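The file query.txt comes next; it holds compact mmCIF, C-alpha atoms.
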```txt
# COMPACT_ATOMS: atom_id res chain seq x y z
CA MET A 1 -28.40 2.24 21.65
CA VAL A 2 -28.23 0.32 18.36
CA ALA A 3 -24.80 0.40 16.71
CA ARG A 4 -24.78 2.11 13.34
CA GLU A 5 -24.42 0.00 10.22
CA TYR A 6 -22.96 1.30 6.97
CA ASN A 7 -23.76 1.02 3.30
CA VAL A 8 -20.42 0.18 1.68
CA ALA A 9 -19.34 0.17 -1.96
CA ILE A 10 -16.22 -1.48 -3.33
CA LEU A 11 -15.02 0.23 -6.50
CA GLY A 12 -12.92 -2.03 -8.74
CA ALA A 13 -14.38 -5.10 -7.10
CA THR A 14 -13.25 -7.67 -9.66
CA GLY A 15 -9.51 -6.88 -9.67
CA ALA A 16 -6.74 -8.55 -7.67
CA VAL A 17 -7.04 -5.99 -4.86
CA GLY A 18 -10.81 -5.66 -5.18
CA THR A 19 -11.47 -9.33 -4.53
CA ARG A 20 -9.23 -9.14 -1.50
CA LEU A 21 -11.07 -6.03 -0.30
CA ILE A 22 -14.24 -8.11 -0.27
CA ALA A 23 -12.58 -10.86 1.77
CA GLN A 24 -10.91 -8.45 4.21
CA LEU A 25 -14.13 -6.48 4.69
CA ALA A 26 -15.99 -9.70 5.47
CA GLU A 27 -13.50 -10.42 8.28
CA SER A 28 -13.36 -6.84 9.57
CA LYS A 29 -15.06 -4.92 12.36
CA VAL A 30 -16.90 -2.67 9.90
CA PRO A 31 -20.65 -3.26 10.40
CA VAL A 32 -21.95 -3.58 6.84
CA LYS A 33 -25.64 -3.00 6.27
CA HIS A 34 -25.50 -3.32 2.50
CA LEU A 35 -22.60 -4.01 0.12
CA LYS A 36 -22.46 -2.72 -3.42
CA LEU A 37 -19.82 -4.08 -5.83
CA LEU A 38 -18.80 -1.72 -8.64
CA ALA A 39 -16.56 -2.22 -11.66
CA SER A 40 -16.29 -1.40 -15.36
CA PRO A 41 -19.21 -2.18 -17.70
CA ARG A 42 -17.40 -5.27 -19.02
CA SER A 43 -17.42 -6.78 -15.52
CA ALA A 44 -21.03 -5.91 -14.77
CA GLY A 45 -23.16 -8.95 -14.09
CA LYS A 46 -20.42 -11.02 -12.48
CA LYS A 47 -21.41 -12.58 -9.20
CA LEU A 48 -19.13 -12.58 -6.15
CA LEU A 49 -19.61 -13.81 -2.59
CA PHE A 50 -19.68 -11.68 0.55
CA LYS A 51 -20.24 -13.50 3.84
CA GLY A 52 -21.83 -16.37 1.96
CA GLU A 53 -24.25 -14.16 0.06
CA THR A 54 -24.11 -13.61 -3.71
CA VAL A 55 -23.62 -9.99 -4.80
CA THR A 56 -23.93 -8.97 -8.44
CA VAL A 57 -21.31 -6.56 -9.78
CA GLU A 58 -22.71 -3.32 -11.19
CA ALA A 59 -21.29 -0.91 -13.75
CA THR A 60 -20.04 2.25 -12.05
CA THR A 61 -21.93 5.50 -12.57
CA PRO A 62 -22.07 8.67 -10.46
CA GLU A 63 -25.47 7.55 -9.21
CA SER A 64 -23.91 4.32 -7.92
CA PHE A 65 -22.87 6.24 -4.81
CA ASN A 66 -26.32 7.44 -3.81
CA ASP A 67 -27.05 6.35 -0.22
CA VAL A 68 -23.51 4.96 0.19
CA ASP A 69 -21.64 5.80 3.40
CA LEU A 70 -18.20 4.38 2.66
CA VAL A 71 -16.35 3.59 -0.56
CA LEU A 72 -13.30 1.33 -0.72
CA ALA A 73 -11.73 2.09 -4.09
CA SER A 74 -9.23 0.10 -6.12
CA GLY A 75 -10.06 0.98 -9.69
CA GLY A 76 -6.96 2.87 -10.79
CA GLY A 77 -6.07 6.54 -10.94
CA ALA A 78 -8.36 7.60 -13.78
CA VAL A 79 -11.33 5.85 -12.18
CA SER A 80 -10.65 7.44 -8.78
CA HIS A 81 -10.20 10.86 -10.37
CA GLN A 82 -13.58 10.49 -12.03
CA PHE A 83 -15.65 8.86 -9.32
CA ALA A 84 -14.17 9.75 -5.90
CA PRO A 85 -15.48 13.35 -6.07
CA GLU A 86 -18.87 12.03 -7.18
CA ALA A 87 -19.00 9.80 -4.12
CA VAL A 88 -17.96 12.63 -1.79
CA LYS A 89 -20.54 14.94 -3.34
CA ARG A 90 -23.19 12.36 -2.43
CA GLY A 91 -21.96 12.14 1.15
CA ALA A 92 -19.72 9.05 1.02
CA VAL A 93 -16.22 8.84 2.49
CA VAL A 94 -13.72 7.32 0.06
CA VAL A 95 -10.64 5.28 0.98
CA ASP A 96 -8.67 5.17 -2.26
CA ASN A 97 -5.96 2.73 -3.33
CA SER A 98 -4.79 4.55 -6.45
CA SER A 99 -1.91 7.01 -6.61
CA TYR A 100 -4.10 9.84 -7.85
CA TRP A 101 -4.93 11.51 -4.50
CA ARG A 102 -1.87 10.64 -2.43
CA MET A 103 0.04 13.89 -2.88
CA HIS A 104 -3.02 16.16 -2.71
CA ASP A 105 -2.63 18.53 0.23
CA ASP A 106 -6.25 18.04 1.33
CA VAL A 107 -6.03 14.24 1.32
CA PRO A 108 -4.49 12.41 4.29
CA LEU A 109 -2.16 9.56 3.34
CA VAL A 110 -2.65 6.99 6.08
CA VAL A 111 -1.09 3.89 7.55
CA PRO A 112 -3.00 3.35 10.81
CA GLU A 113 0.01 2.07 12.78
CA VAL A 114 1.90 5.25 11.88
CA ASN A 115 -0.39 8.27 11.48
CA GLU A 116 -3.96 7.40 12.43
CA ALA A 117 -4.44 10.93 13.78
CA ALA A 118 -4.37 12.27 10.21
CA LEU A 119 -7.85 10.78 9.73
CA ASN A 120 -9.28 13.54 11.91
CA ASN A 121 -8.53 16.04 9.15
CA HIS A 122 -10.06 14.22 6.18
CA HIS A 123 -12.34 16.02 3.74
CA GLY A 124 -14.03 12.97 2.32
CA ILE A 125 -11.09 11.22 0.63
CA ILE A 126 -8.34 9.26 2.39
CA ALA A 127 -5.47 7.84 0.34
CA ASN A 128 -3.90 4.43 0.81
CA PRO A 129 -0.13 4.63 0.22
CA ASN A 130 1.97 2.75 -2.30
CA CYS A 131 2.39 -0.86 -1.16
CA SER A 132 6.18 -0.66 -0.86
CA THR A 133 5.94 2.55 1.17
CA THR A 134 3.36 1.08 3.52
CA GLN A 135 5.41 -1.85 4.75
CA MET A 136 8.53 0.28 5.10
CA VAL A 137 6.93 2.94 7.30
CA VAL A 138 5.27 0.29 9.47
CA ALA A 139 8.76 -1.05 10.20
CA LEU A 140 10.42 2.35 10.54
CA GLU A 141 7.87 4.07 12.78
CA PRO A 142 8.65 2.21 16.04
CA ILE A 143 12.33 2.91 15.42
CA ARG A 144 11.64 6.60 14.77
CA ARG A 145 9.64 6.87 17.97
CA ALA A 146 12.35 5.23 20.03
CA TYR A 147 15.50 6.66 18.47
CA GLY A 148 14.62 9.28 15.88
CA LEU A 149 15.31 8.95 12.17
CA ARG A 150 17.41 11.11 9.89
CA ARG A 151 18.13 9.05 6.75
CA VAL A 152 16.62 6.10 4.89
CA ILE A 153 18.01 4.25 1.86
CA VAL A 154 15.80 1.46 0.55
CA SER A 155 16.16 -1.15 -2.18
CA THR A 156 12.95 -2.95 -3.05
CA TYR A 157 12.32 -6.43 -4.44
CA GLN A 158 8.74 -6.06 -5.64
CA ALA A 159 6.44 -8.89 -6.66
CA ALA A 160 4.77 -9.16 -10.06
CA SER A 161 1.31 -8.75 -8.54
CA GLY A 162 2.22 -5.18 -7.66
CA ALA A 163 1.74 -4.42 -11.36
CA GLY A 164 -1.70 -6.01 -11.42
CA GLN A 165 -3.34 -9.32 -12.15
CA SER A 166 -2.30 -9.22 -15.82
CA ALA A 167 1.38 -8.91 -14.88
CA LEU A 168 1.05 -11.84 -12.48
CA GLU A 169 -0.52 -13.96 -15.21
CA GLU A 170 2.17 -12.94 -17.68
CA LEU A 171 4.87 -14.03 -15.23
CA LYS A 172 3.26 -17.47 -15.02
CA THR A 173 2.99 -17.71 -18.81
CA GLN A 174 6.63 -16.68 -19.27
CA THR A 175 7.80 -19.19 -16.67
CA ASP A 176 5.99 -21.99 -18.48
CA ALA A 177 7.44 -20.86 -21.82
CA TYR A 178 10.98 -20.72 -20.42
CA ASN A 179 10.67 -24.20 -18.93
CA ARG A 180 9.54 -25.51 -22.31
CA GLY A 181 12.46 -23.82 -24.06
CA GLU A 182 10.16 -21.38 -25.85
CA GLU A 183 10.46 -17.64 -26.30
CA MET A 184 9.09 -15.57 -23.43
CA VAL A 185 6.62 -12.96 -24.65
CA ALA A 186 6.47 -9.66 -22.74
CA ASN A 187 3.62 -7.19 -23.22
CA ILE A 188 3.29 -5.49 -19.83
CA LEU A 189 6.44 -4.95 -17.79
CA PRO A 190 8.23 -2.88 -16.82
CA VAL A 191 5.49 -0.35 -17.71
CA LYS A 192 2.32 -0.65 -19.75
CA GLY A 193 2.49 1.54 -22.85
CA ALA A 194 6.29 1.79 -22.81
CA ALA A 195 8.33 1.49 -26.00
CA LYS A 196 9.98 -1.70 -24.75
CA HIS A 197 8.79 -4.61 -22.66
CA TYR A 198 10.96 -7.25 -21.00
CA PRO A 199 10.17 -10.64 -19.48
CA LEU A 200 10.14 -10.86 -15.71
CA ALA A 201 10.49 -14.65 -15.44
CA TYR A 202 14.05 -15.60 -14.49
CA ASN A 203 14.91 -11.90 -14.66
CA LEU A 204 15.14 -8.67 -12.65
CA LEU A 205 13.78 -5.34 -13.87
CA PRO A 206 15.30 -2.22 -12.29
CA GLN A 207 12.38 -0.11 -13.48
CA ILE A 208 8.98 0.23 -11.81
CA ASP A 209 6.79 2.92 -13.38
CA VAL A 210 8.12 5.61 -15.73
CA PHE A 211 11.46 7.38 -15.45
CA GLU A 212 11.48 10.95 -14.21
CA ALA A 213 13.83 13.62 -15.57
CA ASP A 214 16.26 13.10 -12.68
CA GLY A 215 16.75 9.40 -13.52
CA TYR A 216 14.57 8.08 -10.70
CA THR A 217 11.48 6.06 -11.52
CA HIS A 218 8.12 7.35 -10.38
CA GLU A 219 7.89 4.40 -7.98
CA GLU A 220 11.08 5.59 -6.30
CA TRP A 221 9.74 9.16 -6.26
CA LYS A 222 6.56 7.92 -4.59
CA MET A 223 8.46 6.10 -1.85
CA ILE A 224 10.50 9.21 -1.09
CA HIS A 225 7.64 11.67 -0.86
CA GLU A 226 5.00 9.33 0.58
CA THR A 227 7.33 8.39 3.43
CA LYS A 228 7.85 12.05 4.28
CA LYS A 229 4.12 12.82 4.14
CA ILE A 230 3.10 9.83 6.27
CA MET A 231 5.77 10.13 8.92
CA PHE A 232 6.21 13.92 9.07
CA GLY A 233 3.05 15.35 7.53
CA ASP A 234 4.84 17.01 4.60
CA LYS A 235 5.73 15.36 1.29
CA ASN A 236 8.80 17.64 1.04
CA SER A 237 9.83 17.42 4.69
CA LYS A 238 13.50 18.02 5.48
CA ALA A 239 13.16 16.12 8.76
CA VAL A 240 14.37 12.93 7.10
CA LYS A 241 16.35 12.13 3.97
CA VAL A 242 14.92 9.30 1.88
CA THR A 243 16.13 7.68 -1.33
CA GLY A 244 15.88 4.29 -2.94
CA THR A 245 15.96 1.90 -5.88
CA ALA A 246 12.88 -0.11 -6.89
CA VAL A 247 13.27 -3.47 -8.63
CA ARG A 248 10.63 -5.86 -9.96
CA VAL A 249 11.44 -9.51 -9.18
CA PRO A 250 9.88 -12.80 -10.39
CA VAL A 251 7.93 -13.43 -7.19
CA PRO A 252 4.13 -13.71 -7.43
CA ILE A 253 3.11 -12.05 -4.15
CA GLY A 254 5.07 -10.35 -1.38
CA HIS A 255 7.46 -7.41 -1.55
CA GLY A 256 10.88 -7.54 0.09
CA GLU A 257 12.97 -4.50 1.03
CA THR A 258 16.45 -3.93 2.34
CA VAL A 259 16.33 -0.79 4.44
CA TYR A 260 19.37 1.16 5.59
CA PHE A 261 18.50 3.77 8.20
CA GLU A 262 20.31 6.25 10.38
CA THR A 263 18.96 7.15 13.81
CA ASP A 264 19.47 10.55 15.43
CA ASP A 265 22.96 11.35 16.65
CA HIS A 266 23.65 10.05 20.16
CA ALA A 267 20.22 8.39 20.31
CA GLY A 268 21.73 5.32 21.95
CA ALA A 269 20.24 2.92 19.43
CA THR A 270 21.37 -0.68 19.58
CA THR A 271 20.43 -3.75 17.60
CA GLU A 272 18.78 -5.22 20.67
CA GLY A 273 16.86 -2.01 21.38
CA ILE A 274 15.60 -1.82 17.81
CA GLN A 275 14.55 -5.46 17.89
CA LYS A 276 12.64 -4.84 21.12
CA ALA A 277 10.88 -1.80 19.66
CA LEU A 278 9.88 -3.81 16.59
CA SER A 279 8.70 -6.81 18.61
CA GLN A 280 6.35 -4.56 20.60
CA ALA A 281 5.01 -2.60 17.62
CA ALA A 282 1.48 -3.01 16.28
CA GLY A 283 1.34 -4.77 12.94
CA VAL A 284 4.95 -5.96 13.06
CA VAL A 285 6.22 -9.51 13.45
CA LEU A 286 9.92 -9.81 14.26
CA GLU A 287 11.53 -12.86 12.63
CA ASP A 288 15.17 -12.38 13.39
CA ASP A 289 17.38 -15.26 14.48
CA PRO A 290 20.37 -15.79 12.14
CA LYS A 291 21.57 -18.77 14.16
CA SER A 292 18.47 -20.72 13.19
CA GLN A 293 18.14 -19.07 9.75
CA LEU A 294 14.95 -17.30 10.77
CA TYR A 295 14.14 -14.30 8.58
CA PRO A 296 11.09 -13.04 6.64
CA GLN A 297 10.26 -14.55 3.26
CA PRO A 298 7.50 -13.57 0.80
CA ILE A 299 6.26 -17.14 0.50
CA HIS A 300 5.51 -17.14 4.24
CA ALA A 301 4.06 -13.60 4.30
CA GLU A 302 1.49 -14.28 1.57
CA GLY A 303 -2.04 -14.14 2.93
CA LYS A 304 -1.01 -12.43 6.19
CA ARG A 305 -1.79 -8.88 7.29
CA GLU A 306 1.37 -8.19 9.24
CA THR A 307 4.70 -6.68 8.20
CA PHE A 308 7.62 -9.03 8.89
CA VAL A 309 11.06 -7.73 9.85
CA GLY A 310 14.41 -9.49 10.27
CA ARG A 311 18.15 -9.23 9.60
CA VAL A 312 18.38 -6.24 11.97
CA ARG A 313 22.06 -5.41 12.33
CA PRO A 314 24.36 -2.42 12.75
CA ASP A 315 26.20 -0.84 9.87
CA LEU A 316 29.86 -1.62 10.50
CA GLU A 317 31.12 1.56 8.85
CA SER A 318 28.73 4.19 10.22
CA ASP A 319 27.74 5.04 13.76
CA ASP A 320 24.00 5.20 14.53
CA ALA A 321 23.22 3.34 11.28
CA PHE A 322 21.51 -0.02 10.85
CA HIS A 323 20.09 -2.39 8.25
CA MET A 324 16.93 -4.51 8.22
CA TRP A 325 14.94 -6.73 5.87
CA VAL A 326 11.21 -6.06 5.53
CA VAL A 327 8.59 -8.30 3.87
CA SER A 328 4.83 -8.01 3.51
CA ASP A 329 1.96 -9.23 1.33
CA ASN A 330 1.66 -6.32 -1.10
CA LEU A 331 -1.96 -7.13 -1.88
CA LEU A 332 -3.00 -7.17 1.79
CA LYS A 333 -1.06 -4.80 4.04
CA GLY A 334 0.11 -3.02 0.93
CA ALA A 335 -3.42 -2.54 -0.38
CA ALA A 336 -6.62 -4.33 0.66
CA TRP A 337 -5.99 -4.79 4.38
CA ASN A 338 -4.59 -1.30 4.93
CA THR A 339 -7.70 0.09 3.19
CA VAL A 340 -10.09 -1.93 5.33
CA GLN A 341 -8.01 -1.15 8.41
CA ILE A 342 -8.47 2.57 7.66
CA ALA A 343 -12.20 1.93 7.34
CA GLU A 344 -12.22 0.20 10.74
CA ARG A 345 -10.54 3.20 12.33
CA LEU A 346 -12.95 5.62 10.63
CA VAL A 347 -15.83 3.64 12.14
CA ALA A 348 -14.23 3.44 15.58
CA LEU A 349 -13.51 7.18 15.60
CA ASP A 350 -16.95 8.08 14.23
CA LEU A 351 -15.40 9.72 11.17
CA VAL A 352 -17.51 8.10 8.45
CA ARG A 353 -18.95 11.44 7.41
CA VAL A 354 -18.05 14.16 4.93
CA PRO A 355 -17.53 17.59 6.52
CA LYS A 356 -20.04 20.09 5.18
CA ASN A 357 -17.32 22.44 3.96
CA ALA A 358 -15.72 19.65 1.89
CA ILE A 359 -18.57 18.62 -0.38
CA ASN A 360 -17.29 20.60 -3.38
CA ARG A 361 -13.59 20.55 -2.55
CA PHE A 362 -12.62 17.93 -5.14
CA GLU A 363 -15.15 18.63 -7.88
CA THR A 364 -12.86 20.66 -10.17
CA LEU A 365 -9.76 18.47 -9.84
```
Using structure tokens, write down the structure that the file contains.
Amino acid sequence: MVAREYNVAILGATGAVGTRLIAQLAESKVPVKHLKLLASPRSAGKKLLFKGETVTVEATTPESFNDVDLVLASGGGAVSHQFAPEAVKRGAVVVDNSSYWRMHDDVPLVVPEVNEAALNNHHGIIANPNCSTTQMVVALEPIRRAYGLRRVIVSTYQAASGAGQSALEELKTQTDAYNRGEEMVANILPVKGAAKHYPLAYNLLPQIDVFEADGYTHEEWKMIHETKKIMFGDKNSKAVKVTGTAVRVPVPIGHGETVYFETDDHAGATTEGIQKALSQAAGVVLEDDPKSQLYPQPIHAEGKRETFVGRVRPDLESDDAFHMWVVSDNLLKGAAWNTVQIAERLVALDLVRVPKNAINRFETL
């Protein structure tokens, strides 16, 4: 029997995540028959390499998805809103990186190490979580399985690239200006379109995304509700309490997070037990030896698919509570690799197909 090959499209192929999607797909187990690269009209005509072959970028239209089996999308929320239903209508399964579909009840939000089984219930669109959520749940899931989980408090240290290629370039420009003693110009962060912009170079910005009415930023809101949906199947689950503070830091690539977590009462959790669970978990690398100053750092995580965990220690004031430090490449595990990893699992589980009753499910949204 000849193994099936798939026609794959990458939507948003020329962006920071899109170019990494191409590279990760080339190294993956997804058998690609034909690759189509899609982007905005201004990027049409660009030429990119896939497995040594030149592929010309095309402008995205609804017809772009004719005869496509699988779409890996990283074109932003408005683009995914417009084109993901068009792809599904034409029989393609979409794995989407934007935030648009994540909270939709009919769209599984998937991190393969945590909730692969959710793929069985897809209706044509699968959402890739927020990058900061992804690395946190990868680290928390082996602990939850071993000892239960009742509360999480996270503080993030998020890289400039999490705001896109333009934010990363602006950080570099600001750094050069600062080092020359010139004024740092800010046009992007903390949020595009906001009334005020602040430089990130040599600075910290305690705002990622817009502020909600309750004083939390939307990034913080996403981490709370995405964690609940991924780990417990319900974005409003009461099974775990989650809160956090998200901060943008002047690091190019690689998010860091301090995570405080409480295990179930009388679960018998110990630092050593948690370290063992992490060391045996898929997708996790334990780097935790204070005596030799071994702990995760963004500069070492860049370009790697794994989530790195260290500084595991008990809370000295609360029983059954612990702290850990979590680092991952936000453009890989937080975006491109997790997307391709989902695609690998869809192929392995023979789920690269749109259920017949789902063809029109997303058309009116």
Centre and edge lengths, as JSON, for the axis-aligned box enclosing every listed atom of stretch 45-48 of chain A with 8 Å of padding on each of the six sides, in Å to one decimal?
```
{"center_x": -21.1, "center_y": -10.8, "center_z": -10.1, "size_x": 20.0, "size_y": 19.6, "size_z": 23.9}
```
Select from stretch 296-345 of chain A every residue with an atom at most 12 Å from any atom of stretch 12-35 of chain A, then for each give the shortest pair of atoms and their distance in Å to one decimal, using all atoms listed in the file, rows by chain and rising number, as JSON lines.
```
{"residue": "A:Gly303", "atom": "CA", "partner": "A:Arg20", "partner_atom": "CA", "distance": 9.8}
{"residue": "A:Lys304", "atom": "CA", "partner": "A:Gln24", "partner_atom": "CA", "distance": 10.9}
{"residue": "A:Arg305", "atom": "CA", "partner": "A:Gln24", "partner_atom": "CA", "distance": 9.6}
{"residue": "A:Asp329", "atom": "CA", "partner": "A:Val17", "partner_atom": "CA", "distance": 11.4}
{"residue": "A:Asn330", "atom": "CA", "partner": "A:Val17", "partner_atom": "CA", "distance": 9.5}
{"residue": "A:Leu331", "atom": "CA", "partner": "A:Val17", "partner_atom": "CA", "distance": 6.0}
{"residue": "A:Leu332", "atom": "CA", "partner": "A:Arg20", "partner_atom": "CA", "distance": 7.3}
{"residue": "A:Lys333", "atom": "CA", "partner": "A:Gln24", "partner_atom": "CA", "distance": 10.5}
{"residue": "A:Gly334", "atom": "CA", "partner": "A:Val17", "partner_atom": "CA", "distance": 9.7}
{"residue": "A:Ala335", "atom": "CA", "partner": "A:Val17", "partner_atom": "CA", "distance": 6.7}
{"residue": "A:Ala336", "atom": "CA", "partner": "A:Leu21", "partner_atom": "CA", "distance": 4.9}
{"residue": "A:Trp337", "atom": "CA", "partner": "A:Gln24", "partner_atom": "CA", "distance": 6.1}
{"residue": "A:Asn338", "atom": "CA", "partner": "A:Gln24", "partner_atom": "CA", "distance": 9.6}
{"residue": "A:Thr339", "atom": "CA", "partner": "A:Leu21", "partner_atom": "CA", "distance": 7.8}
{"residue": "A:Val340", "atom": "CA", "partner": "A:Leu25", "partner_atom": "CA", "distance": 6.1}
{"residue": "A:Gln341", "atom": "CA", "partner": "A:Ser28", "partner_atom": "CA", "distance": 7.9}
{"residue": "A:Ile342", "atom": "CA", "partner": "A:Val30", "partner_atom": "CA", "distance": 10.2}
{"residue": "A:Ala343", "atom": "CA", "partner": "A:Val30", "partner_atom": "CA", "distance": 7.1}
{"residue": "A:Glu344", "atom": "CA", "partner": "A:Val30", "partner_atom": "CA", "distance": 5.6}
{"residue": "A:Arg345", "atom": "CA", "partner": "A:Val30", "partner_atom": "CA", "distance": 9.0}
```
query = For A:Lys276, which residue among A:Val251, A:Pro296, A:Ser132, A:Pro142 is the nearest when counting all atoms listed in the file?
reply =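 Counting all atoms listed in the file, the residue closest to A:Lys276 is A:Pro142.
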Compile a residue-level contact table for stretch 81-185 of chain A against stretch 200-222 of chain A at a cut-off of 8 Å, reporting for every qualifying residue the shortest atom pair and its distance in Å to one decimal, with all atoms listed in the file counted, rows ordered by chain and ascending number, as JSON lines.
```
{"residue": "A:Asn130", "atom": "CA", "partner": "A:Lys222", "partner_atom": "CA", "distance": 7.3}
{"residue": "A:Thr133", "atom": "CA", "partner": "A:Lys222", "partner_atom": "CA", "distance": 7.9}
{"residue": "A:Ala160", "atom": "CA", "partner": "A:Leu200", "partner_atom": "CA", "distance": 8.0}
{"residue": "A:Leu171", "atom": "CA", "partner": "A:Ala201", "partner_atom": "CA", "distance": 5.7}
{"residue": "A:Lys172", "atom": "CA", "partner": "A:Ala201", "partner_atom": "CA", "distance": 7.8}
{"residue": "A:Gln174", "atom": "CA", "partner": "A:Ala201", "partner_atom": "CA", "distance": 5.8}
{"residue": "A:Thr175", "atom": "CA", "partner": "A:Ala201", "partner_atom": "CA", "distance": 5.4}
{"residue": "A:Tyr178", "atom": "CA", "partner": "A:Ala201", "partner_atom": "CA", "distance": 7.9}
```
message = What's around A:Ala87 at 8 Å? Count only C-alpha atoms, leave out sequence neighbours fewer than 6 positions away in its own chain, and write the answer as JSON, numbers by chain.
response = {"A": [62, 65, 66, 68, 71, 93, 94]}
Give me, as an mmCIF file with C-alpha atoms, keeping the file's coordinate frame, all polymer residues having an atom no more than 8 Å from A:Pro129, counting only C-alpha atoms and skipping those fewer than 5 positions away in the same chain.
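Output contents, as saved in result-v1.cif:
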```
data_model
loop_
_atom_site.group_PDB
_atom_site.id
_atom_site.type_symbol
_atom_site.label_atom_id
_atom_site.label_comp_id
_atom_site.auth_asym_id
_atom_site.auth_seq_id
_atom_site.Cartn_x
_atom_site.Cartn_y
_atom_site.Cartn_z
ATOM 1 C CA ASN A 97 -5.960 2.730 -3.330
ATOM 2 C CA SER A 99 -1.910 7.010 -6.610
ATOM 3 C CA ARG A 102 -1.870 10.640 -2.430
ATOM 4 C CA LEU A 109 -2.160 9.560 3.340
ATOM 5 C CA VAL A 110 -2.650 6.990 6.080
ATOM 6 C CA VAL A 111 -1.090 3.890 7.550
ATOM 7 C CA THR A 134 3.360 1.080 3.520
ATOM 8 C CA GLU A 226 5.000 9.330 0.580
ATOM 9 C CA GLY A 334 0.110 -3.020 0.930
ATOM 10 C CA ALA A 335 -3.420 -2.540 -0.380
#
```
key: Two-atom distance - atom CA of A:Ala73, atom CA of A:Thr54 (Å)   =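 So the answer is 20.0 Å.
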message = With all atoms listed in the file as the counted atoms, please give the residues lying no more than 9 Å from A:Ala282, apart from itself and same-chain residues fewer than 4 positions off, as a list in words.
response =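 Counting only the stated atoms, we get Glu113, Val138, Pro142, Leu278 and Glu306 of chain A.
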Export of prior selection with C-alpha atoms as a short mmCIF file (atom, residue, chain, number, x, y, z; two decimals), in the frame of the given file:
```
data_model
loop_
_atom_site.label_atom_id
_atom_site.label_comp_id
_atom_site.auth_asym_id
_atom_site.auth_seq_id
_atom_site.Cartn_x
_atom_site.Cartn_y
_atom_site.Cartn_z
CA GLU A 113 0.01 2.07 12.78
CA VAL A 138 5.27 0.29 9.47
CA PRO A 142 8.65 2.21 16.04
CA LEU A 278 9.88 -3.81 16.59
CA GLU A 306 1.37 -8.19 9.24
#
```
Would you kindly return, as a PDB file with C-alpha atoms, in the frame of the given file, each protein, DNA or RNA residue with an atom no farther than 7 Å from any atom of stretch 228-239 of chain A, considering only C-alpha atoms and excluding same-chain residues fewer than 3 positions away?
```pdb
ATOM      1  CA  LEU A 109      -2.160   9.560   3.340  1.00  0.00           C
ATOM      2  CA  VAL A 110      -2.650   6.990   6.080  1.00  0.00           C
ATOM      3  CA  VAL A 114       1.900   5.250  11.880  1.00  0.00           C
ATOM      4  CA  ASN A 115      -0.390   8.270  11.480  1.00  0.00           C
ATOM      5  CA  ARG A 150      17.410  11.110   9.890  1.00  0.00           C
ATOM      6  CA  ILE A 224      10.500   9.210  -1.090  1.00  0.00           C
ATOM      7  CA  HIS A 225       7.640  11.670  -0.860  1.00  0.00           C
TER       8      HIS A 225
END
```
